[in-house]
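For reference, coords-v4.txt is printed below; it contains compact mmCIF, N, CA, C and O atoms.
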```txt
# COMPACT_ATOMS: atom_id res chain seq x y z
N ARG Y 1 -75.87 -135.62 -156.12
CA ARG Y 1 -77.10 -135.82 -155.39
C ARG Y 1 -78.15 -136.37 -156.35
O ARG Y 1 -78.27 -135.92 -157.48
N CYS Y 2 -78.89 -137.36 -155.87
CA CYS Y 2 -79.94 -137.97 -156.70
C CYS Y 2 -81.13 -137.01 -156.79
O CYS Y 2 -81.62 -136.53 -155.78
N THR Y 3 -81.57 -136.75 -158.00
CA THR Y 3 -82.70 -135.86 -158.20
C THR Y 3 -84.01 -136.53 -157.85
O THR Y 3 -85.03 -135.86 -157.68
N VAL Y 4 -84.02 -137.85 -157.69
CA VAL Y 4 -85.24 -138.58 -157.36
C VAL Y 4 -85.39 -138.73 -155.84
O VAL Y 4 -86.40 -138.35 -155.27
N GLY Y 5 -84.37 -139.27 -155.20
CA GLY Y 5 -84.49 -139.57 -153.77
C GLY Y 5 -83.64 -138.72 -152.85
O GLY Y 5 -83.76 -138.79 -151.63
N GLY Y 6 -82.73 -137.88 -153.41
CA GLY Y 6 -81.90 -137.03 -152.59
C GLY Y 6 -80.63 -137.68 -152.05
O GLY Y 6 -79.91 -137.09 -151.28
N TRP Y 7 -80.35 -138.92 -152.47
CA TRP Y 7 -79.15 -139.63 -152.02
C TRP Y 7 -77.93 -138.86 -152.44
O TRP Y 7 -77.88 -138.29 -153.52
N GLU Y 8 -76.90 -138.80 -151.57
CA GLU Y 8 -75.68 -138.06 -151.86
C GLU Y 8 -74.48 -138.98 -151.88
O GLU Y 8 -74.43 -139.95 -151.12
N THR Y 9 -73.53 -138.68 -152.73
CA THR Y 9 -72.29 -139.44 -152.83
C THR Y 9 -71.15 -138.46 -153.04
O THR Y 9 -71.37 -137.35 -153.53
N ALA Y 10 -69.94 -138.88 -152.67
CA ALA Y 10 -68.78 -137.99 -152.79
C ALA Y 10 -68.26 -137.91 -154.22
O ALA Y 10 -67.52 -136.99 -154.55
N MET Y 11 -68.61 -138.86 -155.06
CA MET Y 11 -68.14 -138.83 -156.44
C MET Y 11 -69.29 -139.16 -157.36
O MET Y 11 -70.32 -139.67 -156.94
N TRP Y 12 -69.10 -138.86 -158.64
CA TRP Y 12 -70.16 -139.11 -159.61
C TRP Y 12 -70.34 -140.61 -159.82
O TRP Y 12 -69.38 -141.37 -159.92
N VAL Y 13 -71.57 -141.04 -159.87
CA VAL Y 13 -71.92 -142.42 -160.21
C VAL Y 13 -73.06 -142.35 -161.21
O VAL Y 13 -73.80 -141.38 -161.27
N GLY Y 14 -73.22 -143.38 -162.00
CA GLY Y 14 -74.28 -143.39 -163.01
C GLY Y 14 -75.62 -143.82 -162.46
O GLY Y 14 -76.66 -143.50 -163.03
N ARG Y 15 -75.59 -144.55 -161.34
CA ARG Y 15 -76.83 -145.10 -160.79
C ARG Y 15 -76.94 -144.74 -159.31
O ARG Y 15 -75.97 -144.86 -158.56
N CYS Y 16 -78.09 -144.32 -158.88
CA CYS Y 16 -78.32 -143.96 -157.48
C CYS Y 16 -78.18 -145.19 -156.61
O CYS Y 16 -78.76 -146.25 -156.90
N GLY Y 17 -77.43 -145.07 -155.53
CA GLY Y 17 -77.22 -146.19 -154.61
C GLY Y 17 -78.41 -146.47 -153.73
O GLY Y 17 -78.47 -147.52 -153.09
N GLU Y 18 -79.38 -145.58 -153.69
CA GLU Y 18 -80.56 -145.78 -152.85
C GLU Y 18 -81.76 -146.25 -153.66
O GLU Y 18 -82.32 -147.30 -153.39
N CYS Y 19 -82.16 -145.46 -154.66
CA CYS Y 19 -83.36 -145.82 -155.43
C CYS Y 19 -83.04 -146.61 -156.69
O CYS Y 19 -83.96 -147.04 -157.39
N GLN Y 20 -81.74 -146.77 -157.01
CA GLN Y 20 -81.27 -147.54 -158.16
C GLN Y 20 -81.67 -146.95 -159.51
O GLN Y 20 -81.64 -147.63 -160.53
N ALA Y 21 -82.06 -145.67 -159.54
CA ALA Y 21 -82.43 -145.01 -160.80
C ALA Y 21 -81.16 -144.65 -161.58
O ALA Y 21 -80.20 -144.16 -161.01
N TRP Y 22 -81.17 -144.92 -162.88
CA TRP Y 22 -80.03 -144.61 -163.74
C TRP Y 22 -80.11 -143.16 -164.18
O TRP Y 22 -81.17 -142.65 -164.52
N GLY Y 23 -78.98 -142.48 -164.19
CA GLY Y 23 -78.90 -141.12 -164.70
C GLY Y 23 -79.55 -140.06 -163.84
O GLY Y 23 -79.77 -138.95 -164.29
N SER Y 24 -79.87 -140.38 -162.60
CA SER Y 24 -80.55 -139.40 -161.74
C SER Y 24 -79.59 -138.67 -160.81
O SER Y 24 -79.99 -137.75 -160.12
N VAL Y 25 -78.31 -139.06 -160.82
CA VAL Y 25 -77.33 -138.42 -159.93
C VAL Y 25 -76.68 -137.26 -160.68
O VAL Y 25 -76.08 -137.45 -161.73
N ALA Y 26 -76.82 -136.07 -160.14
CA ALA Y 26 -76.28 -134.86 -160.76
C ALA Y 26 -75.36 -134.15 -159.78
O ALA Y 26 -75.52 -134.28 -158.56
N ALA Y 27 -74.41 -133.41 -160.30
CA ALA Y 27 -73.49 -132.65 -159.45
C ALA Y 27 -74.26 -131.56 -158.72
O ALA Y 27 -75.14 -130.90 -159.28
N ALA Y 28 -73.92 -131.38 -157.46
CA ALA Y 28 -74.55 -130.34 -156.66
C ALA Y 28 -73.47 -129.69 -155.80
O ALA Y 28 -72.62 -130.38 -155.25
N ALA Y 29 -73.51 -128.39 -155.70
CA ALA Y 29 -72.53 -127.67 -154.87
C ALA Y 29 -72.93 -127.79 -153.42
O ALA Y 29 -74.11 -127.67 -153.06
N LEU Y 30 -71.93 -128.05 -152.59
CA LEU Y 30 -72.19 -128.13 -151.16
C LEU Y 30 -72.00 -126.76 -150.53
O LEU Y 30 -71.14 -125.98 -150.95
N ALA Y 31 -72.77 -126.49 -149.51
CA ALA Y 31 -72.61 -125.24 -148.78
C ALA Y 31 -71.34 -125.32 -147.95
O ALA Y 31 -71.02 -126.37 -147.39
N PRO Y 32 -70.58 -124.25 -147.88
CA PRO Y 32 -69.35 -124.29 -147.09
C PRO Y 32 -69.68 -124.48 -145.61
O PRO Y 32 -70.73 -124.01 -145.14
N PRO Y 33 -68.83 -125.16 -144.87
CA PRO Y 33 -69.10 -125.37 -143.45
C PRO Y 33 -69.08 -124.03 -142.71
O PRO Y 33 -68.34 -123.11 -143.10
N PRO Y 34 -69.86 -123.91 -141.65
CA PRO Y 34 -69.87 -122.65 -140.91
C PRO Y 34 -68.52 -122.40 -140.24
O PRO Y 34 -67.88 -123.33 -139.75
N ARG Y 35 -68.09 -121.17 -140.23
CA ARG Y 35 -66.83 -120.81 -139.59
C ARG Y 35 -67.09 -120.53 -138.12
O ARG Y 35 -68.08 -119.89 -137.77
N PRO Y 36 -66.20 -121.01 -137.26
CA PRO Y 36 -66.38 -120.71 -135.84
C PRO Y 36 -66.21 -119.21 -135.58
O PRO Y 36 -65.48 -118.53 -136.29
N ALA Y 37 -66.88 -118.74 -134.56
CA ALA Y 37 -66.80 -117.33 -134.23
C ALA Y 37 -65.38 -116.99 -133.75
O ALA Y 37 -64.78 -117.75 -132.99
N ALA Y 38 -64.87 -115.88 -134.21
CA ALA Y 38 -63.53 -115.46 -133.80
C ALA Y 38 -63.58 -114.96 -132.36
O ALA Y 38 -64.52 -114.29 -131.95
N THR Y 39 -62.56 -115.31 -131.60
CA THR Y 39 -62.46 -114.83 -130.23
C THR Y 39 -61.22 -113.96 -130.11
O THR Y 39 -60.22 -114.19 -130.80
N PRO Y 40 -61.25 -112.97 -129.25
CA PRO Y 40 -60.09 -112.09 -129.13
C PRO Y 40 -58.90 -112.82 -128.51
O PRO Y 40 -59.06 -113.73 -127.71
N VAL Y 41 -57.71 -112.40 -128.89
CA VAL Y 41 -56.48 -112.96 -128.34
C VAL Y 41 -56.30 -112.41 -126.94
O VAL Y 41 -56.39 -111.20 -126.71
N THR Y 42 -56.07 -113.30 -125.96
CA THR Y 42 -55.95 -112.86 -124.57
C THR Y 42 -54.51 -112.74 -124.11
O THR Y 42 -54.23 -112.02 -123.16
N THR Y 43 -53.58 -113.44 -124.75
CA THR Y 43 -52.17 -113.35 -124.38
C THR Y 43 -51.33 -113.23 -125.64
O THR Y 43 -51.70 -113.74 -126.70
N ALA Y 44 -50.21 -112.57 -125.49
CA ALA Y 44 -49.32 -112.39 -126.63
C ALA Y 44 -48.57 -113.68 -126.92
O ALA Y 44 -48.35 -114.50 -126.03
N ALA Y 45 -48.16 -113.86 -128.17
CA ALA Y 45 -47.38 -115.04 -128.56
C ALA Y 45 -45.99 -114.95 -127.95
O ALA Y 45 -45.43 -113.87 -127.79
N VAL Y 46 -45.44 -116.12 -127.61
CA VAL Y 46 -44.11 -116.20 -127.01
C VAL Y 46 -43.26 -117.11 -127.89
O VAL Y 46 -43.72 -118.19 -128.27
N PRO Y 47 -42.03 -116.72 -128.22
CA PRO Y 47 -41.17 -117.61 -129.01
C PRO Y 47 -40.97 -118.94 -128.28
O PRO Y 47 -40.86 -118.98 -127.05
N ILE Y 48 -40.93 -120.03 -129.02
CA ILE Y 48 -40.86 -121.37 -128.44
C ILE Y 48 -39.63 -121.54 -127.55
O ILE Y 48 -39.67 -122.25 -126.55
N GLY Y 49 -38.56 -120.86 -127.86
CA GLY Y 49 -37.36 -120.95 -127.05
C GLY Y 49 -37.50 -120.31 -125.68
O GLY Y 49 -36.70 -120.58 -124.78
N GLN Y 50 -38.51 -119.47 -125.52
CA GLN Y 50 -38.72 -118.80 -124.24
C GLN Y 50 -39.78 -119.47 -123.37
O GLN Y 50 -40.06 -119.01 -122.27
N VAL Y 51 -40.37 -120.55 -123.84
CA VAL Y 51 -41.38 -121.25 -123.06
C VAL Y 51 -40.69 -122.17 -122.07
O VAL Y 51 -39.85 -122.99 -122.45
N ALA Y 52 -41.03 -122.03 -120.81
CA ALA Y 52 -40.44 -122.87 -119.77
C ALA Y 52 -41.01 -124.28 -119.87
O ALA Y 52 -42.22 -124.45 -120.04
N VAL Y 53 -40.15 -125.27 -119.78
CA VAL Y 53 -40.58 -126.67 -119.89
C VAL Y 53 -41.58 -127.00 -118.77
O VAL Y 53 -42.54 -127.73 -118.97
N GLU Y 54 -41.39 -126.42 -117.61
CA GLU Y 54 -42.28 -126.68 -116.48
C GLU Y 54 -43.69 -126.16 -116.74
O GLU Y 54 -44.67 -126.68 -116.22
N ASP Y 55 -43.81 -125.11 -117.55
CA ASP Y 55 -45.12 -124.52 -117.84
C ASP Y 55 -45.88 -125.27 -118.94
O ASP Y 55 -47.08 -125.11 -119.08
N ALA Y 56 -45.16 -126.03 -119.73
CA ALA Y 56 -45.79 -126.77 -120.83
C ALA Y 56 -46.44 -128.02 -120.26
O ALA Y 56 -45.77 -128.91 -119.76
N ALA Y 57 -47.76 -128.09 -120.31
CA ALA Y 57 -48.49 -129.24 -119.77
C ALA Y 57 -49.11 -130.05 -120.90
O ALA Y 57 -49.53 -129.51 -121.91
N HIS Y 58 -49.14 -131.36 -120.70
CA HIS Y 58 -49.80 -132.22 -121.67
C HIS Y 58 -51.31 -132.02 -121.60
O HIS Y 58 -51.87 -131.82 -120.52
N ARG Y 59 -51.95 -132.09 -122.73
CA ARG Y 59 -53.41 -132.01 -122.79
C ARG Y 59 -53.90 -133.24 -123.52
O ARG Y 59 -53.41 -133.56 -124.60
N SER Y 60 -54.85 -133.91 -122.94
CA SER Y 60 -55.39 -135.12 -123.56
C SER Y 60 -56.19 -134.75 -124.80
O SER Y 60 -56.96 -133.78 -124.80
N SER Y 61 -56.03 -135.56 -125.85
CA SER Y 61 -56.81 -135.35 -127.06
C SER Y 61 -58.16 -136.05 -126.97
O SER Y 61 -59.04 -135.84 -127.78
N GLY Y 62 -58.29 -136.93 -125.97
CA GLY Y 62 -59.51 -137.72 -125.83
C GLY Y 62 -59.42 -139.04 -126.57
O GLY Y 62 -60.33 -139.85 -126.52
N VAL Y 63 -58.30 -139.27 -127.28
CA VAL Y 63 -58.06 -140.52 -128.00
C VAL Y 63 -56.85 -141.18 -127.33
O VAL Y 63 -55.72 -140.74 -127.55
N PRO Y 64 -57.06 -142.19 -126.48
CA PRO Y 64 -55.96 -142.77 -125.71
C PRO Y 64 -54.77 -143.21 -126.54
O PRO Y 64 -53.62 -142.96 -126.15
N GLU Y 65 -54.98 -143.84 -127.68
CA GLU Y 65 -53.86 -144.31 -128.50
C GLU Y 65 -53.05 -143.13 -129.05
O GLU Y 65 -51.83 -143.16 -129.08
N LEU Y 66 -53.73 -142.07 -129.47
CA LEU Y 66 -53.03 -140.89 -129.96
C LEU Y 66 -52.23 -140.26 -128.83
O LEU Y 66 -51.09 -139.86 -129.02
N ASP Y 67 -52.82 -140.14 -127.65
CA ASP Y 67 -52.10 -139.59 -126.51
C ASP Y 67 -50.86 -140.42 -126.20
O ASP Y 67 -49.80 -139.87 -125.88
N ARG Y 68 -50.95 -141.73 -126.30
CA ARG Y 68 -49.82 -142.59 -126.01
C ARG Y 68 -48.69 -142.34 -127.02
O ARG Y 68 -47.53 -142.19 -126.65
N VAL Y 69 -49.04 -142.22 -128.29
CA VAL Y 69 -48.05 -142.00 -129.34
C VAL Y 69 -47.38 -140.62 -129.16
O VAL Y 69 -46.19 -140.48 -129.39
N LEU Y 70 -48.14 -139.65 -128.71
CA LEU Y 70 -47.60 -138.31 -128.54
C LEU Y 70 -46.87 -138.14 -127.21
O LEU Y 70 -46.39 -137.06 -126.90
N GLY Y 71 -46.81 -139.17 -126.41
CA GLY Y 71 -46.09 -139.08 -125.15
C GLY Y 71 -46.92 -138.54 -124.01
O GLY Y 71 -46.39 -137.95 -123.09
N GLY Y 72 -48.21 -138.68 -124.08
CA GLY Y 72 -49.06 -138.25 -122.97
C GLY Y 72 -50.10 -137.21 -123.33
O GLY Y 72 -50.96 -136.86 -122.54
N GLY Y 73 -50.06 -136.71 -124.52
CA GLY Y 73 -51.06 -135.73 -124.93
C GLY Y 73 -50.45 -134.58 -125.65
O GLY Y 73 -49.26 -134.43 -125.75
```

Structure rendered as structure tokens:
Amino acid sequence: RCTVGGWETAMWVGRCGECQAWGSVAAAALAPPPRPAATPVTTAAVPIGQVAVEDAAHRSSGVPELDRVLGGG
């Protein structure tokens, strides 16, 4: 992170890409991303061999090309 302008980069660089100041980019620790809230389990796990093919439904990922590659979702 640049100590002058606050510009951030994923790797160390000698010169700030925003304000062009030399030697102003210093390592900074990022805050960990927030964890989603845990929800209780509503159904027990079932071995894959016991899942009926008729009950298994495709779910769209929202990305048409990915759904096509996966055979429908």

Would you please extract all helix (DSSP H, G or I) residues from chain Y, as assigned by DSSP on the backbone, and give them as a count of residues only?
12

For Y:Thr9, which residue out of Y:Ala28, Y:Ala57, Y:Val46, Y:Trp22 is the nearest one, using only N, CA, C and O atoms?
Y:Ala28

For atom CA of Y:Val13 and atom CA of Y:Pro33, the interatomic separation in Å (one decimal):
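According to the coordinates, atom CA of Y:Val13 and atom CA of Y:Pro33 are separated by 24.1 Å.
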
Between atom CA of Y:Ile48 and atom CA of Y:Ser60, measure the distance and give it in Å to one decimal.
20.6 Å

Separation of atom CA of Y:Arg1 from atom C of Y:Ala26 in Å:
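It comes out at 5.0 Å.
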
Padded axis-aligned box of stretch 37-53 of chain Y (5 Å per side), centre and edge lengths, Å, one decimal, as JSON:
```
{"center_x": -51.8, "center_y": -119.5, "center_z": -126.7, "size_x": 40.2, "size_y": 26.5, "size_z": 25.8}
```

Using only N, CA, C and O atoms for the distances, tell me which of Y:Thr42, Y:Ala56, Y:Cys2, Y:Met11 is nearest to Y:Val25.
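Closest residue, counting only N, CA, C and O atoms: Y:Cys2.
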
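Residue nearest Y:Gly72, chosen from Y:His58, Y:Ala45, Y:Pro34, Y:Ala29 and counting only N, CA, C and O atoms: Y:His58.
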
Run DSSP on the backbone of this structure and report the residues of chain Y it assigns to strand (DSSP E or B), as JSON, numbers by chain.
{"Y": [2, 15, 22, 25]}
